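*Asks:* Sharing coords.pdb, PDB, C-alpha atoms, pLDDT in the B column:
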ATOM      1  CA  MET A   1     -34.331 -30.206-101.580  1.00 85.00           C
ATOM      2  CA  ARG A   2     -31.755 -28.958 -99.116  1.00 89.00           C
ATOM      3  CA  PHE A   3     -28.744 -30.737 -97.592  1.00 86.00           C
ATOM      4  CA  VAL A   4     -26.732 -29.450 -94.650  1.00 90.00           C
ATOM      5  CA  THR A   5     -23.885 -31.376 -93.070  1.00 89.00           C
ATOM      6  CA  THR A   6     -21.296 -30.260 -90.545  1.00 92.00           C
ATOM      7  CA  ILE A   7     -18.050 -31.751 -89.297  1.00 93.00           C
ATOM      8  CA  THR A   8     -15.324 -30.469 -86.995  1.00 94.00           C
ATOM      9  CA  ILE A   9     -11.761 -30.883 -88.213  1.00 95.00           C
ATOM     10  CA  GLN A  10      -8.754 -30.358 -85.951  1.00 94.00           C
ATOM     11  CA  ALA A  11      -7.018 -28.043 -88.414  1.00 93.00           C
ATOM     12  CA  THR A  12      -6.872 -24.312 -89.036  1.00 92.00           C
ATOM     13  CA  PRO A  13      -9.330 -22.618 -91.410  1.00 94.00           C
ATOM     14  CA  GLN A  14      -6.327 -21.770 -93.630  1.00 93.00           C
ATOM     15  CA  LYS A  15      -5.352 -25.450 -93.958  1.00 93.00           C
ATOM     16  CA  ILE A  16      -8.926 -26.510 -94.718  1.00 93.00           C
ATOM     17  CA  TRP A  17      -9.255 -23.680 -97.258  1.00 92.00           C
ATOM     18  CA  GLN A  18      -6.089 -24.845 -99.040  1.00 91.00           C
ATOM     19  CA  ALA A  19      -7.435 -28.412 -99.109  1.00 90.00           C
ATOM     20  CA  MET A  20     -10.752 -27.285-100.632  1.00 87.00           C
ATOM     21  CA  PHE A  21      -8.885 -25.871-103.618  1.00 83.00           C
ATOM     22  CA  ASN A  22      -6.494 -28.815-103.996  1.00 83.00           C
ATOM     23  CA  PRO A  23      -8.037 -31.160-106.579  1.00 77.00           C
ATOM     24  CA  HIS A  24      -5.439 -33.862-105.901  1.00 80.00           C
ATOM     25  CA  LEU A  25      -6.335 -34.049-102.204  1.00 84.00           C
ATOM     26  CA  LEU A  26     -10.069 -33.812-102.883  1.00 81.00           C
ATOM     27  CA  SER A  27      -9.914 -36.565-105.490  1.00 81.00           C
ATOM     28  CA  GLN A  28      -8.351 -38.923-102.921  1.00 87.00           C
ATOM     29  CA  CYS A  29     -11.400 -38.497-100.677  1.00 89.00           C
ATOM     30  CA  LEU A  30     -14.265 -38.482-103.173  1.00 85.00           C
ATOM     31  CA  PRO A  31     -15.911 -41.927-103.215  1.00 80.00           C
ATOM     32  CA  GLY A  32     -16.580 -43.374-106.641  1.00 81.00           C
ATOM     33  CA  LEU A  33     -14.455 -40.808-108.467  1.00 83.00           C
ATOM     34  CA  ALA A  34     -13.464 -42.407-111.776  1.00 85.00           C
ATOM     35  CA  GLU A  35     -12.263 -39.299-113.638  1.00 87.00           C
ATOM     36  CA  TRP A  36     -11.706 -35.633-112.958  1.00 86.00           C
ATOM     37  CA  GLN A  37     -10.604 -32.771-115.121  1.00 88.00           C
ATOM     38  CA  GLU A  38      -9.671 -29.274-114.005  1.00 85.00           C
ATOM     39  CA  VAL A  39     -11.502 -27.015-116.479  1.00 90.00           C
ATOM     40  CA  GLU A  40     -10.281 -23.725-115.006  1.00 89.00           C
ATOM     41  CA  PRO A  41      -7.460 -23.844-112.405  1.00 83.00           C
ATOM     42  CA  GLN A  42      -8.792 -23.715-108.830  1.00 79.00           C
ATOM     43  CA  ARG A  43     -12.186 -22.637-110.156  1.00 84.00           C
ATOM     44  CA  SER A  44     -14.097 -25.346-112.061  1.00 88.00           C
ATOM     45  CA  TYR A  45     -13.930 -29.120-112.419  1.00 87.00           C
ATOM     46  CA  ARG A  46     -15.611 -31.870-114.430  1.00 88.00           C
ATOM     47  CA  LEU A  47     -16.000 -35.131-112.485  1.00 87.00           C
ATOM     48  CA  LEU A  48     -17.289 -38.615-113.275  1.00 86.00           C
ATOM     49  CA  LEU A  49     -18.579 -40.579-110.286  1.00 82.00           C
ATOM     50  CA  VAL A  50     -19.205 -44.329-110.658  1.00 83.00           C
ATOM     51  CA  TRP A  51     -20.944 -46.728-108.231  1.00 73.00           C
ATOM     52  CA  SER A  52     -22.068 -50.315-108.052  1.00 70.00           C
ATOM     53  CA  ALA A  53     -23.241 -51.945-104.815  1.00 63.00           C
ATOM     54  CA  THR A  54     -22.493 -55.490-106.008  1.00 68.00           C
ATOM     55  CA  ALA A  55     -20.851 -57.203-108.971  1.00 67.00           C
ATOM     56  CA  GLU A  56     -24.305 -58.146-110.306  1.00 73.00           C
ATOM     57  CA  GLU A  57     -25.719 -54.646-109.965  1.00 75.00           C
ATOM     58  CA  PRO A  58     -25.381 -52.278-112.931  1.00 64.00           C
ATOM     59  CA  ILE A  59     -22.850 -49.509-112.630  1.00 77.00           C
ATOM     60  CA  ILE A  60     -24.246 -46.023-112.114  1.00 79.00           C
ATOM     61  CA  GLN A  61     -22.289 -43.192-113.735  1.00 82.00           C
ATOM     62  CA  VAL A  62     -22.951 -39.644-112.599  1.00 81.00           C
ATOM     63  CA  PRO A  63     -21.193 -36.773-114.419  1.00 88.00           C
ATOM     64  CA  LEU A  64     -20.831 -33.667-112.279  1.00 87.00           C
ATOM     65  CA  PHE A  65     -19.590 -30.168-113.120  1.00 90.00           C
ATOM     66  CA  ILE A  66     -18.547 -27.969-110.151  1.00 90.00           C
ATOM     67  CA  GLN A  67     -17.585 -24.310-110.132  1.00 92.00           C
ATOM     68  CA  TRP A  68     -16.473 -22.238-107.141  1.00 91.00           C
ATOM     69  CA  GLY A  69     -18.262 -18.920-106.711  1.00 92.00           C
ATOM     70  CA  GLU A  70     -17.924 -15.870-104.512  1.00 92.00           C
ATOM     71  CA  ALA A  71     -15.422 -16.407-101.711  1.00 91.00           C
ATOM     72  CA  LEU A  72     -14.299 -14.788 -98.486  1.00 94.00           C
ATOM     73  CA  PRO A  73     -10.980 -16.594 -97.869  1.00 93.00           C
ATOM     74  CA  TYR A  74     -10.809 -18.800 -94.758  1.00 95.00           C
ATOM     75  CA  GLU A  75     -14.499 -18.152 -93.988  1.00 96.00           C
ATOM     76  CA  ARG A  76     -16.849 -19.191 -96.805  1.00 96.00           C
ATOM     77  CA  VAL A  77     -17.121 -19.973-100.488  1.00 94.00           C
ATOM     78  CA  GLY A  78     -20.135 -20.397-102.727  1.00 94.00           C
ATOM     79  CA  TRP A  79     -20.389 -23.039-105.424  1.00 93.00           C
ATOM     80  CA  GLU A  80     -22.578 -24.089-108.315  1.00 94.00           C
ATOM     81  CA  ALA A  81     -22.834 -27.556-109.787  1.00 91.00           C
ATOM     82  CA  GLU A  82     -24.748 -29.517-112.347  1.00 90.00           C
ATOM     83  CA  LEU A  83     -25.381 -33.196-111.744  1.00 82.00           C
ATOM     84  CA  LEU A  84     -26.366 -35.227-114.800  1.00 82.00           C
ATOM     85  CA  LEU A  85     -28.805 -38.087-114.148  1.00 73.00           C
ATOM     86  CA  GLY A  86     -29.371 -39.712-117.501  1.00 75.00           C
ATOM     87  CA  SER A  87     -30.113 -36.896-119.909  1.00 80.00           C
ATOM     88  CA  GLN A  88     -31.452 -34.582-117.206  1.00 78.00           C
ATOM     89  CA  GLY A  89     -29.200 -31.882-115.761  1.00 83.00           C
ATOM     90  CA  LEU A  90     -29.935 -30.997-112.153  1.00 85.00           C
ATOM     91  CA  PRO A  91     -28.494 -27.635-111.086  1.00 91.00           C
ATOM     92  CA  MET A  92     -27.312 -27.286-107.493  1.00 91.00           C
ATOM     93  CA  THR A  93     -26.036 -24.335-105.513  1.00 95.00           C
ATOM     94  CA  GLY A  94     -24.540 -24.057-102.087  1.00 94.00           C
ATOM     95  CA  ARG A  95     -21.741 -22.849 -99.924  1.00 96.00           C
ATOM     96  CA  ILE A  96     -19.087 -24.091 -97.558  1.00 94.00           C
ATOM     97  CA  VAL A  97     -18.693 -22.176 -94.303  1.00 97.00           C
ATOM     98  CA  LEU A  98     -15.693 -22.440 -91.964  1.00 97.00           C
ATOM     99  CA  GLY A  99     -15.986 -21.403 -88.311  1.00 95.00           C
ATOM    100  CA  ALA A 100     -13.952 -21.694 -85.131  1.00 88.00           C
ATOM    101  CA  ASN A 101     -14.874 -24.609 -82.876  1.00 89.00           C
ATOM    102  CA  GLY A 102     -12.509 -24.914 -79.939  1.00 86.00           C
ATOM    103  CA  ALA A 103      -9.103 -26.021 -81.185  1.00 83.00           C
ATOM    104  CA  GLY A 104     -10.549 -27.036 -84.544  1.00 93.00           C
ATOM    105  CA  THR A 105     -12.654 -25.679 -87.372  1.00 95.00           C
ATOM    106  CA  MET A 106     -16.301 -26.452 -88.015  1.00 96.00           C
ATOM    107  CA  VAL A 107     -16.941 -27.081 -91.719  1.00 95.00           C
ATOM    108  CA  THR A 108     -20.547 -26.753 -92.892  1.00 95.00           C
ATOM    109  CA  LEU A 109     -21.633 -27.748 -96.386  1.00 93.00           C
ATOM    110  CA  GLU A 110     -24.980 -26.421 -97.574  1.00 94.00           C
ATOM    111  CA  ALA A 111     -26.540 -27.535-100.867  1.00 91.00           C
ATOM    112  CA  GLU A 112     -29.860 -26.837-102.551  1.00 93.00           C
ATOM    113  CA  MET A 113     -31.409 -28.333-105.636  1.00 88.00           C
ATOM    114  CA  GLU A 114     -34.824 -28.464-107.267  1.00 86.00           C
ATOM    115  CA  LEU A 115     -35.921 -32.015-108.019  1.00 82.00           C
ATOM    116  CA  PRO A 116     -39.002 -32.513-110.187  1.00 79.00           C
ATOM    117  CA  SER A 117     -40.004 -35.971-108.917  1.00 82.00           C
ATOM    118  CA  PRO A 118     -39.988 -38.184-105.805  1.00 86.00           C
ATOM    119  CA  VAL A 119     -37.808 -40.741-107.629  1.00 83.00           C
ATOM    120  CA  LEU A 120     -35.128 -38.104-108.291  1.00 77.00           C
ATOM    121  CA  ARG A 121     -35.330 -36.944-104.658  1.00 79.00           C
ATOM    122  CA  GLN A 122     -34.731 -40.510-103.486  1.00 82.00           C
ATOM    123  CA  MET A 123     -31.809 -40.919-105.917  1.00 76.00           C
ATOM    124  CA  ALA A 124     -30.307 -37.599-104.780  1.00 76.00           C
ATOM    125  CA  ASN A 125     -30.532 -38.662-101.117  1.00 77.00           C
ATOM    126  CA  GLN A 126     -28.759 -41.938-101.886  1.00 76.00           C
ATOM    127  CA  VAL A 127     -26.030 -40.224-103.924  1.00 73.00           C
ATOM    128  CA  ALA A 128     -25.523 -37.562-101.237  1.00 77.00           C
ATOM    129  CA  LEU A 129     -25.102 -40.222 -98.542  1.00 75.00           C
ATOM    130  CA  LYS A 130     -22.603 -42.133-100.693  1.00 74.00           C
ATOM    131  CA  ILE A 131     -20.560 -38.983-101.258  1.00 79.00           C
ATOM    132  CA  LEU A 132     -20.765 -36.685 -98.236  1.00 82.00           C
ATOM    133  CA  GLN A 133     -20.157 -38.947 -95.251  1.00 83.00           C
ATOM    134  CA  PRO A 134     -17.100 -40.800 -96.633  1.00 87.00           C
ATOM    135  CA  PHE A 135     -15.773 -37.581 -98.182  1.00 88.00           C
ATOM    136  CA  PHE A 136     -15.780 -35.638 -94.908  1.00 89.00           C
ATOM    137  CA  ILE A 137     -14.414 -38.580 -92.902  1.00 91.00           C
ATOM    138  CA  CYS A 138     -11.518 -38.923 -95.356  1.00 92.00           C
ATOM    139  CA  LEU A 139     -10.885 -35.169 -95.503  1.00 92.00           C
ATOM    140  CA  ARG A 140     -10.801 -34.950 -91.712  1.00 93.00           C
ATOM    141  CA  ALA A 141      -8.413 -37.916 -91.479  1.00 93.00           C
ATOM    142  CA  ARG A 142      -6.058 -36.457 -94.114  1.00 91.00           C
ATOM    143  CA  LEU A 143      -5.979 -32.975 -92.605  1.00 91.00           C
ATOM    144  CA  GLU A 144      -5.641 -34.137 -89.003  1.00 90.00           C
ATOM    145  CA  GLU A 145      -2.919 -36.629 -89.984  1.00 83.00           C
ATOM    146  CA  THR A 146      -1.020 -33.825 -91.753  1.00 67.00           C
ATOM    147  CA  ALA A 147      -1.423 -31.540 -88.704  1.00 54.00           C
ATOM    148  CA  VAL A 148       0.222 -34.176 -86.465  1.00 48.00           C
ATOM    149  CA  TYR A 149       3.225 -34.440 -88.795  1.00 45.00           C
ATOM    150  CA  GLU A 150       3.648 -30.656 -88.969  1.00 49.00           C
ATOM    151  CA  GLN A 151       3.867 -30.180 -85.170  1.00 44.00           C
TER     152      GLN A 151
END
Take the structure I supplied and represent it as structure tokens, if you would.

*Replies:*
Amino acid sequence: MRFVTTITIQATPQKIWQAMFNPHLLSQCLPGLAEWQEVEPQRSYRLLLVWSATAEEPIIQVPLFIQWGEALPYERVGWEAELLLGSQGLPMTGRIVLGANGAGTMVTLEAEMELPSPVLRQMANQVALKILQPFFICLRARLEETAVYEQ
């Protein structure tokens, strides 16, 4: 399964790069984040994501381990992650690419993972939607708000 999402942020690649390695800023934008721990400074993190659609619905807890990989500063960075669904670990890989787009920067997130069943594919799609769209909207708002104050 492959995910690709792109958003344009009115900020420099340098500012977006700094934000990507700032766990405090990222944790403010990650929906459902209940806990996070920096395992290795600016390199690897352990996260616990928690969701419940309604008060009657059971809470879903999703542990996630993320590690940054090979990087070309201000242009792209690779990453590896393991998402735990129940007792099953699902490895993911991907990269984040930054590129000029007018006065802003286009941010593209690519992710790939092997899912052994249709049920897991459906769950992964739901989790990705709950995370990616609100995350990028929040990140864009934070970075563009900061850019206005710095001018």

*Asks:* Rounded to one decimal place, report the CA of Ile66 in chain A-CA of Trp79 in chain A distance in Å.

*Replies:* 7.1 Å

*Asks:* Can you measure CA of Lys15 in chain A to CA of Tyr74 in chain A for me? One decimal in Å is fine.

*Replies:*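 Taking CA of Lys15 in chain A as the start and CA of Tyr74 in chain A as the end point, the length is 8.6 Å.
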
*Asks:* Might you spell out which residues the PyMOL selection byres ((chain A and resi 139-145) around 12) would select in the displayed file, as a PyMOL selection string?

*Replies:* chain A and resi 6-20+22+24-31+103-107+131-138+146-151

*Asks:* Work out how far CA of Val39 in chain A is from CA of Gly99 in chain A, in Å to one decimal.

*Replies:*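 We find that CA of Gly99 in chain A and CA of Val39 in chain A lie 29.1 Å from each other.
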
*Asks:* Care to translate the PyMOL selection byres ((chain A and resi 1) around 8) into actual residues of this file, as a PyMOL selection string?

*Replies:* chain A and resi 2-3+112-115+121

*Asks:* Step by step, work through what the PyMOL selection byres ((chain A and resi 81-90) around 7) selects in the shown file, and finish by giving those residues as a list in words.

*Replies:*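 Checked against the file, the PyMOL selection byres ((chain A and resi 81-90) around 7) matches Val62, Pro63, Leu64, Phe65, Ile66, Gln67, Trp79, Glu80, Pro91, Met92 and Thr93 of chain A.
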
*Asks:* Distance cut-off 10 Å, centre (-21.5, -23.8, -97.8) in file coordinates, counting all atoms listed in the file: which residues qualify? Return them as a list in words.

*Replies:* Val4, Thr5, Thr6, Glu75, Arg76, Val77, Gly78, Trp79, Thr93, Gly94, Arg95, Ile96, Val97, Leu98, Val107, Thr108, Leu109, Glu110 and Ala111 of chain A

*Asks:* Keeping only C-alpha atoms, write those residues as a compact mmCIF listing (two decimals), in the frame of the given file.

*Replies:*
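The result, stored in again09.txt:
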# COMPACT_ATOMS: atom_id res chain seq x y z
CA VAL A 4 -26.73 -29.45 -94.65
CA THR A 5 -23.88 -31.38 -93.07
CA THR A 6 -21.30 -30.26 -90.54
CA GLU A 75 -14.50 -18.15 -93.99
CA ARG A 76 -16.85 -19.19 -96.80
CA VAL A 77 -17.12 -19.97 -100.49
CA GLY A 78 -20.14 -20.40 -102.73
CA TRP A 79 -20.39 -23.04 -105.42
CA THR A 93 -26.04 -24.34 -105.51
CA GLY A 94 -24.54 -24.06 -102.09
CA ARG A 95 -21.74 -22.85 -99.92
CA ILE A 96 -19.09 -24.09 -97.56
CA VAL A 97 -18.69 -22.18 -94.30
CA LEU A 98 -15.69 -22.44 -91.96
CA VAL A 107 -16.94 -27.08 -91.72
CA THR A 108 -20.55 -26.75 -92.89
CA LEU A 109 -21.63 -27.75 -96.39
CA GLU A 110 -24.98 -26.42 -97.57
CA ALA A 111 -26.54 -27.54 -100.87

*Asks:* Would you please work out which residue, of A:Gly32, A:Lys130, A:Glu56, A:Trp68, is nearest to Ser44 in chain A when using all atoms listed in the file?

*Replies:*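 For Ser44 in chain A, the nearest of the candidates is A:Trp68.
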
*Asks:* Name all residues at most 7 Å from Ile59 in chain A (count all atoms listed in the file; drop same-chain ones fewer than 5 positions away) and give them as a list in words.

*Replies:*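 Residues near the query, excluding close chain neighbours: Val50, Trp51 and Ser52 of chain A.
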